[in-house]
$ cat work-v3.csv   # CSV, C-alpha atoms
chain,number,residue,atom,x,y,z
A,1420,MET,CA,136.4,75.8,87.1
A,1421,SER,CA,136.0,74.8,83.4
A,1422,LEU,CA,133.8,76.7,81.0
A,1423,PRO,CA,131.7,75.2,78.1
A,1424,VAL,CA,133.5,77.3,75.5
A,1425,GLY,CA,132.1,76.6,72.0
A,1426,LYS,CA,129.4,74.3,73.3
A,1427,ASN,CA,126.8,76.8,74.2
A,1428,SER,CA,126.3,80.5,75.0
A,1429,PHE,CA,126.6,81.4,78.7
A,1430,PHE,CA,126.7,84.1,81.3
A,1431,LEU,CA,129.6,84.2,83.8
A,1432,PHE,CA,128.7,86.4,86.8
A,1433,GLY,CA,130.9,87.4,89.7
A,1434,PRO,CA,132.2,90.4,91.7
A,1435,ARG,CA,135.0,92.4,90.2
A,1436,GLN,CA,138.5,91.0,90.7
A,1437,THR,CA,137.4,87.4,90.9
A,1438,GLY,CA,139.1,86.6,87.6
A,1439,LYS,CA,136.2,86.4,85.1
A,1440,THR,CA,138.2,87.9,82.2
A,1441,THR,CA,141.3,86.0,83.0
A,1442,LEU,CA,139.4,82.7,83.1
A,1443,VAL,CA,137.6,83.4,79.9
A,1444,LYS,CA,140.8,84.4,78.0
A,1445,LYS,CA,142.6,81.2,79.3
A,1446,SER,CA,139.6,79.1,78.1
A,1447,VAL,CA,139.4,80.6,74.6
A,1448,LYS,CA,143.2,80.8,73.8
A,1449,ASN,CA,142.8,78.1,71.1
A,1450,PHE,CA,139.8,79.8,69.5
A,1451,GLU,CA,139.4,82.7,67.2
A,1452,ILE,CA,137.0,85.1,69.0
A,1453,PHE,CA,135.4,88.5,68.5
A,1454,GLU,CA,136.0,90.4,71.8
A,1455,ILE,CA,134.3,93.5,73.2
A,1456,ASN,CA,135.2,95.1,76.6
A,1457,LEU,CA,132.5,97.5,77.7
A,1458,LEU,CA,134.7,98.8,80.5
A,1459,HIS,CA,136.5,100.8,77.7
A,1460,ASN,CA,134.6,104.1,77.5
A,1461,GLU,CA,135.0,104.5,73.7
A,1462,THR,CA,133.7,101.0,73.1
A,1463,PHE,CA,130.8,101.5,75.4
A,1464,LEU,CA,129.8,104.8,73.8
A,1465,LYS,CA,130.1,103.4,70.3
A,1466,TYR,CA,127.6,100.6,71.0
A,1467,LYS,CA,125.4,102.7,73.3
A,1468,THR,CA,124.7,105.2,70.5
A,1469,ASN,CA,124.4,102.5,67.8
A,1470,PRO,CA,123.6,99.0,69.1
A,1471,SER,CA,122.9,97.7,65.6
A,1472,LEU,CA,126.5,98.3,64.8
A,1473,PHE,CA,127.3,95.3,67.0
A,1474,ARG,CA,125.1,93.1,65.0
A,1475,LYS,CA,126.8,94.2,61.7
A,1476,GLU,CA,130.3,93.6,63.1
A,1477,VAL,CA,129.3,90.1,64.3
A,1478,ILE,CA,127.8,89.2,60.9
A,1479,PHE,CA,131.1,90.3,59.3
A,1480,PHE,CA,133.1,88.3,61.8
A,1481,MET,CA,131.1,85.2,61.0
A,1482,THR,CA,131.7,85.5,57.2
A,1483,ASP,CA,133.3,82.2,55.9
A,1484,LYS,CA,133.3,80.7,59.5
A,1485,LYS,CA,131.6,77.4,60.4
A,1486,THR,CA,131.6,78.4,64.0
A,1487,GLY,CA,132.3,81.6,66.0
A,1488,ILE,CA,132.7,82.8,69.6
A,1489,VAL,CA,131.8,86.3,70.7
A,1490,PHE,CA,133.1,87.5,74.1
A,1491,ILE,CA,131.5,90.5,75.8
A,1492,ASP,CA,133.0,91.7,79.0
A,1493,GLU,CA,130.7,93.5,81.5
A,1494,ILE,CA,127.5,93.0,79.6
A,1495,GLN,CA,125.5,94.6,82.4
A,1496,LYS,CA,126.7,98.0,81.2
A,1497,LEU,CA,124.8,97.7,78.0
A,1498,PRO,CA,121.9,95.2,78.3
A,1499,GLU,CA,120.4,96.6,75.1
A,1500,LEU,CA,122.9,94.3,73.3
A,1501,LEU,CA,121.0,91.2,74.5
A,1502,ASP,CA,118.2,91.8,72.0
A,1503,GLU,CA,120.9,91.7,69.2
A,1504,ILE,CA,122.5,88.6,70.7
A,1505,HIS,CA,119.2,86.9,70.9
A,1506,ASP,CA,118.5,87.5,67.2
A,1507,LEU,CA,122.1,86.4,66.3
A,1508,ILE,CA,121.7,83.1,68.1
A,1509,GLU,CA,118.5,82.5,66.2
A,1510,LYS,CA,120.2,83.5,62.9
A,1511,TYR,CA,123.2,81.3,63.3
A,1512,SER,CA,121.7,78.5,65.4
A,1513,ARG,CA,124.5,76.3,66.7
A,1514,ARG,CA,127.2,78.0,64.7
A,1515,ILE,CA,127.7,80.9,67.1
A,1516,SER,CA,128.1,81.1,70.9
A,1517,PHE,CA,128.4,84.1,73.2
A,1518,ILE,CA,130.4,84.4,76.4
A,1519,LEU,CA,128.9,87.2,78.5
A,1520,THR,CA,130.6,88.3,81.7
A,1521,GLY,CA,129.1,90.6,84.3
A,1522,SER,CA,129.8,92.0,87.8
A,1523,SER,CA,126.1,93.0,88.3
A,1524,ALA,CA,122.8,91.4,87.4
A,1525,ARG,CA,120.8,94.4,88.5
A,1526,LYS,CA,120.6,96.3,85.1
A,1527,LEU,CA,120.0,93.0,83.3
A,1528,LYS,CA,117.0,92.4,85.6
A,1529,ARG,CA,115.6,95.9,85.6
A,1530,VAL,CA,116.3,97.2,82.1
A,1531,SER,CA,116.0,94.1,80.0
A,1532,THR,CA,113.7,91.1,80.4
A,1533,ASN,CA,115.6,89.3,77.6
A,1534,LEU,CA,118.1,87.0,79.3
A,1535,LEU,CA,118.0,84.9,76.2
A,1536,GLY,CA,115.2,82.6,77.3
A,1537,GLY,CA,117.3,79.5,78.2
A,1538,ARG,CA,119.5,79.9,75.2
A,1539,ALA,CA,122.4,80.8,77.5
A,1540,TRP,CA,123.6,78.9,80.5
A,1541,SER,CA,124.5,80.8,83.7
A,1542,PHE,CA,127.6,80.3,85.9
A,1543,SER,CA,129.1,82.1,88.9
A,1544,LEU,CA,132.7,82.9,89.8
A,1545,PHE,CA,133.8,83.6,93.3
A,1546,PRO,CA,137.1,84.4,95.2
A,1547,PHE,CA,139.3,81.3,95.4
A,1548,THR,CA,138.2,78.3,97.4
A,1549,HIS,CA,140.8,76.7,99.7
A,1550,GLN,CA,141.1,73.9,97.1
A,1551,GLU,CA,142.0,76.3,94.4
A,1552,ILE,CA,144.7,77.9,96.5
A,1553,GLY,CA,146.1,74.5,97.3
A,1554,LYS,CA,149.4,74.1,99.3
A,1555,CYS,CA,149.7,77.9,99.8
A,1556,PHE,CA,146.4,78.0,101.7
A,1557,SER,CA,146.5,79.4,105.2
A,1558,LEU,CA,143.3,79.5,107.2
A,1559,SER,CA,144.3,82.4,109.4
A,1560,HIS,CA,145.4,84.4,106.4
A,1561,VAL,CA,142.1,83.8,104.5
A,1562,LEU,CA,140.0,84.6,107.6
A,1563,GLN,CA,141.8,88.0,107.8
A,1564,TYR,CA,142.4,88.9,104.2
A,1565,GLY,CA,140.0,86.8,102.2
A,1566,SER,CA,140.8,85.1,98.9
A,1567,LEU,CA,140.4,87.5,96.0
A,1568,PRO,CA,142.8,86.3,93.2
A,1569,PRO,CA,144.8,89.6,92.8
A,1570,LEU,CA,145.9,89.3,96.5
A,1571,LEU,CA,147.9,86.1,96.0
A,1572,GLY,CA,151.7,86.8,96.3
A,1573,LEU,CA,151.3,90.3,97.6
A,1574,SER,CA,152.9,91.5,100.9
A,1575,LYS,CA,150.5,92.1,103.8
A,1576,SER,CA,150.8,95.9,103.4
A,1577,ASP,CA,149.9,95.7,99.7
A,1578,ILE,CA,147.0,93.4,100.5
A,1579,VAL,CA,145.7,95.9,103.0
A,1580,ARG,CA,146.1,98.7,100.4
A,1581,THR,CA,144.3,96.7,97.7
A,1582,LEU,CA,141.4,95.7,99.9
A,1583,ASN,CA,140.9,99.2,101.2
A,1584,ALA,CA,141.0,100.5,97.7
A,1585,TYR,CA,138.4,97.9,96.7
A,1586,THR,CA,136.0,98.8,99.5
A,1587,GLY,CA,136.7,102.5,99.5
A,1588,THR,CA,136.6,103.1,95.8
A,1589,TYR,CA,135.2,100.3,93.7
A,1590,LEU,CA,132.1,99.5,95.8
A,1591,LYS,CA,131.1,103.1,95.9
A,1592,GLU,CA,131.9,103.6,92.2
A,1593,GLU,CA,130.0,100.6,91.2
A,1594,ILE,CA,126.9,101.9,93.1
A,1595,THR,CA,127.3,105.4,91.7
A,1596,ASP,CA,128.0,104.2,88.2
A,1597,GLU,CA,124.7,102.3,88.0
A,1598,ALA,CA,122.8,105.1,89.7
A,1599,LEU,CA,121.4,102.6,92.2
A,1600,VAL,CA,121.1,105.0,95.2
A,1601,ARG,CA,120.5,108.7,95.5
A,1602,ASN,CA,122.1,109.1,99.0
A,1603,LEU,CA,125.6,107.7,98.7
A,1604,GLY,CA,126.4,108.8,102.3
A,1605,ALA,CA,123.5,106.8,103.7
A,1606,PHE,CA,124.4,103.8,101.6
A,1607,SER,CA,128.0,104.0,102.9
A,1608,ARG,CA,126.7,103.9,106.5
A,1609,PHE,CA,124.5,101.0,105.6
A,1610,LEU,CA,127.5,99.2,104.1
A,1611,ASP,CA,129.4,99.6,107.4
A,1612,LEU,CA,126.5,98.0,109.3
A,1613,ALA,CA,126.0,95.3,106.7
A,1614,ALA,CA,129.6,94.2,107.0
A,1615,ASP,CA,129.4,94.2,110.8
A,1616,ASN,CA,126.2,92.2,110.7
A,1617,SER,CA,127.3,89.8,108.0
A,1618,GLY,CA,126.1,86.3,109.0
A,1619,GLU,CA,123.7,87.6,111.6
A,1620,ILE,CA,119.9,87.5,111.4
A,1621,ILE,CA,118.8,90.9,110.0
A,1622,SER,CA,116.0,93.1,111.3
A,1623,TYR,CA,115.4,95.7,108.6
A,1624,SER,CA,113.5,98.0,111.1
A,1625,THR,CA,116.4,97.9,113.6
A,1626,LEU,CA,119.0,98.8,111.0
A,1627,ALA,CA,116.7,101.5,109.6
A,1628,ARG,CA,116.5,103.1,113.1
A,1629,GLU,CA,120.3,103.1,113.4
A,1630,ILE,CA,120.9,104.7,110.0
A,1631,GLY,CA,117.8,107.0,110.0
A,1632,LEU,CA,116.1,105.5,106.9
A,1633,ALA,CA,112.9,103.6,106.2
A,1634,SER,CA,113.0,99.9,106.6
A,1635,LYS,CA,111.9,99.6,103.0
A,1636,THR,CA,115.1,101.4,102.0
A,1637,ILE,CA,117.3,99.0,104.0
A,1638,LYS,CA,115.6,96.1,102.3
A,1639,GLU,CA,116.3,97.7,98.9
A,1640,TYR,CA,119.9,98.3,99.9
A,1641,TYR,CA,120.4,94.6,100.6
A,1642,GLN,CA,118.9,93.8,97.3
A,1643,ILE,CA,121.5,96.1,95.7
A,1644,LEU,CA,124.2,94.1,97.4
A,1645,GLU,CA,122.8,90.8,96.1
A,1646,ASP,CA,122.3,92.2,92.6
A,1647,THR,CA,125.8,93.5,92.5
A,1648,LEU,CA,127.0,90.1,93.8
A,1649,ILE,CA,128.5,91.6,97.0
A,1650,ALA,CA,126.3,89.5,99.2
A,1651,PHE,CA,123.9,86.5,99.2
A,1652,HIS,CA,121.2,85.6,101.7
A,1653,LEU,CA,120.0,82.6,103.6
A,1654,GLU,CA,116.4,82.1,104.5
A,1655,PRO,CA,115.3,80.3,107.7
A,1656,TYR,CA,114.4,76.7,107.2
A,1657,LEU,CA,110.8,75.9,108.1
A,1658,LYS,CA,108.3,73.2,106.9
A,1659,SER,CA,106.0,76.0,105.8
A,1660,THR,CA,107.3,78.1,102.9
A,1661,ARG,CA,104.8,80.9,103.8
A,1662,LYS,CA,106.4,81.2,107.3
A,1663,ARG,CA,109.9,81.1,105.8
A,1664,MET,CA,109.0,84.1,103.7
A,1665,VAL,CA,108.0,86.3,106.7
A,1666,MET,CA,111.0,85.6,108.9
A,1667,HIS,CA,114.2,87.6,108.8
A,1668,PRO,CA,117.1,86.3,106.6
A,1669,LYS,CA,120.8,86.3,107.1
A,1670,TYR,CA,123.1,88.1,104.6
A,1671,TYR,CA,126.7,87.1,103.9
A,1672,LEU,CA,129.2,89.4,102.2
A,1673,PHE,CA,131.2,87.5,99.6
A,1674,ASP,CA,134.7,87.7,101.0
A,1675,MET,CA,136.2,87.9,104.5
A,1676,GLY,CA,138.9,90.4,103.4
A,1677,ILE,CA,136.1,92.8,102.2
A,1678,ILE,CA,134.3,92.4,105.5
A,1679,ASN,CA,137.4,93.1,107.6
A,1680,SER,CA,138.3,96.1,105.4
A,1681,ILE,CA,134.9,97.7,105.8
A,1682,CYS,CA,135.0,97.0,109.6
A,1683,GLY,CA,138.6,98.3,110.0
A,1684,ARG,CA,140.0,95.0,111.1
A,1685,LEU,CA,142.7,94.4,108.5
A,1686,THR,CA,145.7,95.7,110.6
A,1687,SER,CA,144.7,94.1,113.9
A,1688,THR,CA,145.9,90.6,114.8
A,1689,LEU,CA,143.3,88.0,114.5
A,1690,LYS,CA,143.4,85.7,117.5
A,1691,SER,CA,142.0,82.2,117.7
A,1692,LYS,CA,139.4,81.4,120.5
A,1693,THR,CA,137.9,84.9,120.2
A,1694,TYR,CA,134.4,85.8,119.1
A,1695,ILE,CA,135.6,87.5,115.9
A,1696,TYR,CA,137.7,84.4,115.0
A,1697,GLY,CA,134.7,82.1,115.5
A,1698,LYS,CA,132.4,84.4,113.5
A,1699,LEU,CA,134.9,84.6,110.6
A,1700,PHE,CA,135.5,80.8,110.7
A,1701,GLU,CA,131.7,80.2,110.4
A,1702,HIS,CA,131.6,82.7,107.6
A,1703,PHE,CA,134.4,80.9,105.8
A,1704,ILE,CA,132.7,77.5,105.9
A,1705,ILE,CA,129.4,78.9,104.7
A,1706,LEU,CA,131.1,80.8,101.8
A,1707,GLU,CA,133.0,77.6,100.8
A,1708,VAL,CA,129.8,75.5,100.9
A,1709,ASN,CA,127.9,78.0,98.8
A,1710,ARG,CA,130.8,78.3,96.2
A,1711,LEU,CA,131.3,74.5,95.9
A,1712,ILE,CA,127.6,73.8,95.5
A,1713,LYS,CA,127.5,76.3,92.6
A,1714,TYR,CA,130.7,75.0,91.0
A,1715,LEU,CA,129.6,71.4,91.3
A,1716,GLU,CA,126.1,72.3,90.1
A,1717,LYS,CA,124.4,70.4,92.9
A,1718,PRO,CA,120.6,70.7,93.2
A,1719,TRP,CA,121.0,71.5,96.9
A,1720,ARG,CA,119.4,74.4,98.8
A,1721,ILE,CA,120.9,76.0,101.8
A,1722,TYR,CA,119.2,77.7,104.8
A,1723,PHE,CA,119.8,78.3,108.5
A,1724,TRP,CA,117.5,77.1,111.3
A,1725,ARG,CA,116.4,79.0,114.4
A,1726,THR,CA,113.5,78.4,116.9
A,1727,SER,CA,111.5,81.1,118.7
A,1728,HIS,CA,113.4,80.0,121.9
A,1729,GLY,CA,116.8,80.7,120.4
A,1730,ALA,CA,118.0,77.2,119.4
A,1731,GLU,CA,120.0,77.6,116.1
A,1732,VAL,CA,121.8,75.6,113.5
A,1733,ASP,CA,124.3,77.5,111.3
A,1734,LEU,CA,123.5,75.7,108.0
A,1735,ILE,CA,120.8,73.4,106.7
A,1736,ILE,CA,121.4,71.7,103.4
A,1737,GLU,CA,118.2,70.4,101.7
A,1738,LEU,CA,118.8,67.7,99.1
A,1739,PRO,CA,116.3,66.3,96.5
A,1740,GLU,CA,113.5,64.2,98.0
A,1741,LYS,CA,113.6,66.5,101.1
A,1742,LYS,CA,116.7,64.9,102.6
A,1743,LEU,CA,118.2,67.2,105.2
A,1744,CYS,CA,121.6,67.8,106.7
A,1745,GLY,CA,122.1,70.1,109.7
A,1746,ILE,CA,125.6,71.6,110.0
A,1747,GLU,CA,126.8,73.3,113.1
A,1748,ILE,CA,130.1,75.2,112.8
A,1749,LYS,CA,132.6,75.6,115.7
A,1750,SER,CA,136.1,77.0,115.5
A,1751,ALA,CA,137.3,75.0,118.5
A,1752,GLU,CA,139.7,72.0,118.2
A,1753,TYR,CA,137.4,69.9,120.4
A,1754,VAL,CA,133.7,70.0,120.5
A,1755,SER,CA,131.3,67.7,122.4
A,1756,HIS,CA,127.7,66.9,121.9
A,1757,LYS,CA,127.0,69.3,124.8
A,1758,ASP,CA,128.2,72.2,122.7
A,1759,VAL,CA,125.8,71.6,119.9
A,1760,LYS,CA,122.4,71.9,121.6
A,1761,GLY,CA,120.8,73.7,118.6
A,1762,LEU,CA,121.8,70.8,116.3
A,1763,LYS,CA,120.5,68.3,118.8
A,1764,GLN,CA,117.2,70.1,118.9
A,1765,PHE,CA,117.0,70.2,115.1
A,1766,LEU,CA,117.6,66.5,114.9
A,1767,SER,CA,114.9,66.0,117.5
A,1768,ASP,CA,112.5,67.9,115.2
A,1769,TYR,CA,113.8,66.2,112.1
A,1770,PRO,CA,114.8,62.7,113.2
A,1771,HIS,CA,115.6,61.6,109.6
A,1772,ALA,CA,118.2,64.4,109.1
A,1773,LYS,CA,121.9,64.0,109.3
A,1774,GLY,CA,123.8,65.9,111.9
A,1775,ILE,CA,127.4,67.3,111.4
A,1776,CYS,CA,129.6,69.6,113.3
A,1777,VAL,CA,132.4,71.2,111.3
A,1778,CYS,CA,135.3,72.2,113.5
A,1779,ASN,CA,139.1,72.5,113.8
A,1780,ALA,CA,139.5,69.0,115.3
A,1781,GLN,CA,142.5,67.0,114.1
A,1782,ASN,CA,140.6,63.8,113.4
A,1783,PRO,CA,136.9,63.0,112.8
A,1784,TYR,CA,134.8,61.4,115.6
A,1785,GLU,CA,131.2,60.7,116.5
A,1786,GLU,CA,129.1,61.4,119.6
A,1787,GLU,CA,125.3,60.7,119.9
A,1788,SER,CA,124.8,60.2,116.2
A,1789,ILE,CA,126.5,63.6,115.4
A,1790,SER,CA,129.6,63.5,113.2
A,1791,PHE,CA,132.4,65.9,114.4
A,1792,LEU,CA,134.5,66.6,111.3
A,1793,PRO,CA,137.7,68.6,110.7
A,1794,TRP,CA,136.8,71.2,108.2
A,1795,ARG,CA,139.2,69.9,105.5
A,1796,TYR,CA,137.8,66.4,105.9
A,1797,PHE,CA,134.3,67.8,105.6
A,1798,PHE,CA,135.1,69.3,102.2
A,1799,GLU,CA,137.0,66.3,101.0
A,1800,LYS,CA,134.3,63.8,101.9
A,1801,GLY,CA,131.3,66.2,102.1
A,1802,CYS,CA,129.3,65.1,99.1
A,1803,GLU,CA,129.7,61.4,100.1
A,1804,ILE,CA,128.8,62.2,103.8
A,1805,ILE,CA,125.8,64.4,103.1
A,1806,ASN,CA,124.4,62.0,100.5
A,1807,THR,CA,124.6,58.9,102.7
$ encode --input "work-v3.csv" --output "structure tokens"
Amino acid sequence: MSLPVGKNSFFLFGPRQTGKTTLVKKSVKNFEIFEINLLHNETFLKYKTNPSLFRKEVIFFMTDKKTGIVFIDEIQKLPELLDEIHDLIEKYSRRISFILTGSSARKLKRVSTNLLGGRAWSFSLFPFTHQEIGKCFSLSHVLQYGSLPPLLGLSKSDIVRTLNAYTGTYLKEEITDEALVRNLGAFSRFLDLAADNSGEIISYSTLAREIGLASKTIKEYYQILEDTLIAFHLEPYLKSTRKRMVMHPKYYLFDMGIINSICGRLTSTLKSKTYIYGKLFEHFIILEVNRLIKYLEKPWRIYFWRTSHGAEVDLIIELPEKKLCGIEIKSAEYVSHKDVKGLKQFLSDYPHAKGICVCNAQNPYEEESISFLPWRYFFEKGCEIINT
């Protein structure tokens, strides 16, 4: 991923440990920058008590400079600085640009309505895609341990320790630090269920009964996961937007290793041709699609599709001009048209849509106008295939 350093101010959002700071520092190594890390307690307290000091320091930094770059790490910890940043962008026009990273958008949304009004672009950073890992990529390894950058090169025992520390400490600290919930015990129980139900259609009332909370609270907890970039959701695809809004969504946690850590599956052997393997493979494909759409800045929207009779398609991609692509995901090496009844039903309802089954086949083939594609081939040729 390349960043527009020096071209424009921008936000870079992503969960912790996805490499935001590393990427920014690599991108600015040839520039003189003014850097602030709000994870440092002394730095945070200094600007918290006196936000105007930040403005004075930036003005001094810009003395005798034609252009300048200011990098603020974890901006969500002090959203009050956005008012100062807004004013500084106006003052210096094109001479100054700000790089603002964050692992949560919740405080920015709730505390400050000033997201710089289009003056800053917005980008997202995720765990590594299979393309970024390259020759070292192992599907079984990623399905079990995920692809957070700090895990590369670690032994399996250290990977397990790192993931358990992430889920057992960081996630709870992040929630506590932002004072997002009053009952951390209830939230921890919710997180266990959210991981176990990742990729499933969610009924807020059913989960509420299992945890002993109000369904409104469960919905708020899922919003916390989205705002802290731990999860994203898919809505069901329907012709009617109104109907889409009242049906239950699916939520996907951002990394398979995180899911397996919360579910206690890190030390068990992941076997192919099992339900868990198939579920994680589906999860992997959907996460990769979401990441690549964001990285390539495609104007595509993604959904899932399900009828009242239970026919389902894992992923629907809606392109401009309402072009549709239905994607069924199967972990098997050979899949026939008989195994994708939901996709066939979708194509019957939307005859102009394209039908694809992403699987573990060795070579691509076609049956009854449905393309059966090896998952690597799908990602290599995906944009071309979907657009045709």
$ residues_around --input "work-v3.csv" --residues "range 1505-1510 of chain A" --least-positions-apart "2" --cutoff "10 Å" --atoms "only C-alpha atoms" --output "list in words"
Ser1428, Arg1474, Val1477, Ile1478, Leu1500, Leu1501, Asp1502, Glu1503, Ser1512, Arg1513, Arg1514, Ile1515, Ser1516, Phe1517, Asn1533, Leu1534, Leu1535, Gly1536, Arg1538 and Ala1539 of chain A
$ closest_residue --input "work-v3.csv" --among "A:Tyr1564, A:Phe1545, A:Phe1606, A:Tyr1585" --to "Ile1712 in chain A" --atoms "all atoms listed in the file"
A:Phe1545
$ closest_residue --input "work-v3.csv" --among "A:Leu1734, A:Leu1603, A:Val1777, A:Ala1614" --to "Trp1794 in chain A" --atoms "all atoms listed in the file"
A:Val1777
$ closest_residue --input "work-v3.csv" --among "A:Glu1747, A:Glu1740, A:Asp1492, A:Asp1733" --to "Leu1653 in chain A" --atoms "all atoms listed in the file"
A:Asp1733
$ residues_around --input "work-v3.csv" --residues "Lys1717 in chain A" --least-positions-apart "3" --cutoff "12 Å" --atoms "all atoms listed in the file" --output "PyMOL selection string"
chain A and resi 1708-1714+1720-1721+1736-1739+1802+1805-1806
$ residues_around --input "work-v3.csv" --residues "Ile1630 in chain A" --least-positions-apart "3" --cutoff "8 Å" --atoms "all atoms listed in the file" --output "CSV table (one decimal) with C-alpha atoms, in the coordinates of the input"
chain,number,residue,atom,x,y,z
A,1605,ALA,CA,123.5,106.8,103.7
A,1608,ARG,CA,126.7,103.9,106.5
A,1609,PHE,CA,124.5,101.0,105.6
A,1626,LEU,CA,119.0,98.8,111.0
A,1627,ALA,CA,116.7,101.5,109.6
$ residues_around --input "work-v3.csv" --residues "Lys1760 in chain A" --least-positions-apart "6" --cutoff "9 Å" --atoms "all atoms listed in the file" --output "PDB file with C-alpha atoms, in the frame of the given file"
ATOM      1  CA  ALA A1730     118.000  77.200 119.400  1.00  0.00           C
ATOM      2  CA  GLU A1731     120.000  77.600 116.100  1.00  0.00           C
ATOM      3  CA  VAL A1732     121.800  75.600 113.500  1.00  0.00           C
TER       4      VAL A1732
END
$ residues_around --input "work-v3.csv" --residues "Trp1724 in chain A" --least-positions-apart "6" --cutoff "12 Å" --atoms "all atoms listed in the file" --output "PyMOL selection string"
chain A and resi 1620+1653-1658+1663+1666-1669+1730-1737+1743-1747+1761-1766+1768-1769
$ closest_residue --input "work-v3.csv" --among "A:Tyr1796, A:Phe1556, A:Phe1791, A:Tyr1722" --to "Val1754 in chain A" --atoms "all atoms listed in the file"
A:Phe1791
$ closest_residue --input "work-v3.csv" --among "A:Leu1422, A:Leu1458, A:Ile1637, A:Leu1570" --to "Lys1445 in chain A" --atoms "all atoms listed in the file"
A:Leu1422
$ atom_distance --input "work-v3.csv" --atom1 "CA of Met1675 in chain A" --atom2 "CA of Leu1699 in chain A"
7.1 Å
$ closest_atom_pairs --input "work-v3.csv" --of "range 1648-1742 of chain A" --to "range 1435-1441 of chain A" --cutoff "12 Å" --atoms "all atoms listed in the file" --output "tab-separated table"
residue	atom	partner	partner_atom	distance
A:Leu1648	CA	A:Arg1435	CA	9.1
A:Ile1649	CA	A:Arg1435	CA	9.4
A:Phe1673	CA	A:Thr1437	CA	10.7
A:Asp1674	CA	A:Thr1437	CA	10.5
A:Ile1677	CA	A:Gln1436	CA	11.9
$ write_last_selection --input "work-v3.csv" --atoms "C-alpha atoms" --output "compact mmCIF listing (two decimals), in the coordinates of the input"
# COMPACT_ATOMS: atom_id res chain seq x y z
CA LEU A 1648 127.00 90.10 93.80
CA ILE A 1649 128.50 91.60 97.00
CA PHE A 1673 131.20 87.50 99.60
CA ASP A 1674 134.70 87.70 101.00
CA ILE A 1677 136.10 92.80 102.20
$ atom_distance --input "work-v3.csv" --atom1 "CA of Ser1446 in chain A" --atom2 "CA of Pro1423 in chain A"
8.8 Å
$ closest_residue --input "work-v3.csv" --among "A:Thr1686, A:Thr1486, A:Gln1495, A:Asn1616" --to "Ser1522 in chain A" --atoms "all atoms listed in the file"
A:Gln1495
$ build_atoms --input "work-v3.csv" --residues "range 1761-1774 of chain A" --atoms "N, CA and C atoms" --output "short mmCIF file (atom, residue, chain, number, x, y, z; two decimals), in the coordinates of the input"
data_model
loop_
_atom_site.label_atom_id
_atom_site.label_comp_id
_atom_site.auth_asym_id
_atom_site.auth_seq_id
_atom_site.Cartn_x
_atom_site.Cartn_y
_atom_site.Cartn_z
N GLY A 1761 121.74 73.29 119.73
CA GLY A 1761 120.80 73.70 118.60
C GLY A 1761 120.70 72.55 117.62
N LEU A 1762 121.83 71.92 117.31
CA LEU A 1762 121.80 70.80 116.30
C LEU A 1762 121.05 69.63 116.88
N LYS A 1763 121.20 69.36 118.17
CA LYS A 1763 120.50 68.30 118.80
C LYS A 1763 118.95 68.52 118.76
N GLN A 1764 118.57 69.79 118.97
CA GLN A 1764 117.20 70.10 118.90
C GLN A 1764 116.62 69.98 117.48
N PHE A 1765 117.43 70.38 116.50
CA PHE A 1765 117.00 70.20 115.10
C PHE A 1765 116.83 68.74 114.76
N LEU A 1766 117.75 67.90 115.20
CA LEU A 1766 117.60 66.50 114.90
C LEU A 1766 116.45 65.84 115.63
N SER A 1767 116.08 66.43 116.77
CA SER A 1767 114.90 66.00 117.50
C SER A 1767 113.63 66.30 116.67
N ASP A 1768 113.61 67.50 116.05
CA ASP A 1768 112.50 67.90 115.20
C ASP A 1768 112.45 67.22 113.88
N TYR A 1769 113.64 66.88 113.37
CA TYR A 1769 113.80 66.20 112.10
C TYR A 1769 114.60 64.97 112.23
N PRO A 1770 114.02 63.92 112.77
CA PRO A 1770 114.80 62.70 113.20
C PRO A 1770 115.46 62.00 111.99
N HIS A 1771 115.02 62.25 110.78
CA HIS A 1771 115.60 61.60 109.60
C HIS A 1771 116.80 62.38 109.05
N ALA A 1772 117.07 63.55 109.61
CA ALA A 1772 118.20 64.40 109.10
C ALA A 1772 119.51 63.88 109.59
N LYS A 1773 120.56 64.27 108.88
CA LYS A 1773 121.90 64.00 109.30
C LYS A 1773 122.48 65.15 110.06
N GLY A 1774 123.26 64.89 111.13
CA GLY A 1774 123.80 65.90 111.90
C GLY A 1774 125.35 65.97 111.85
#
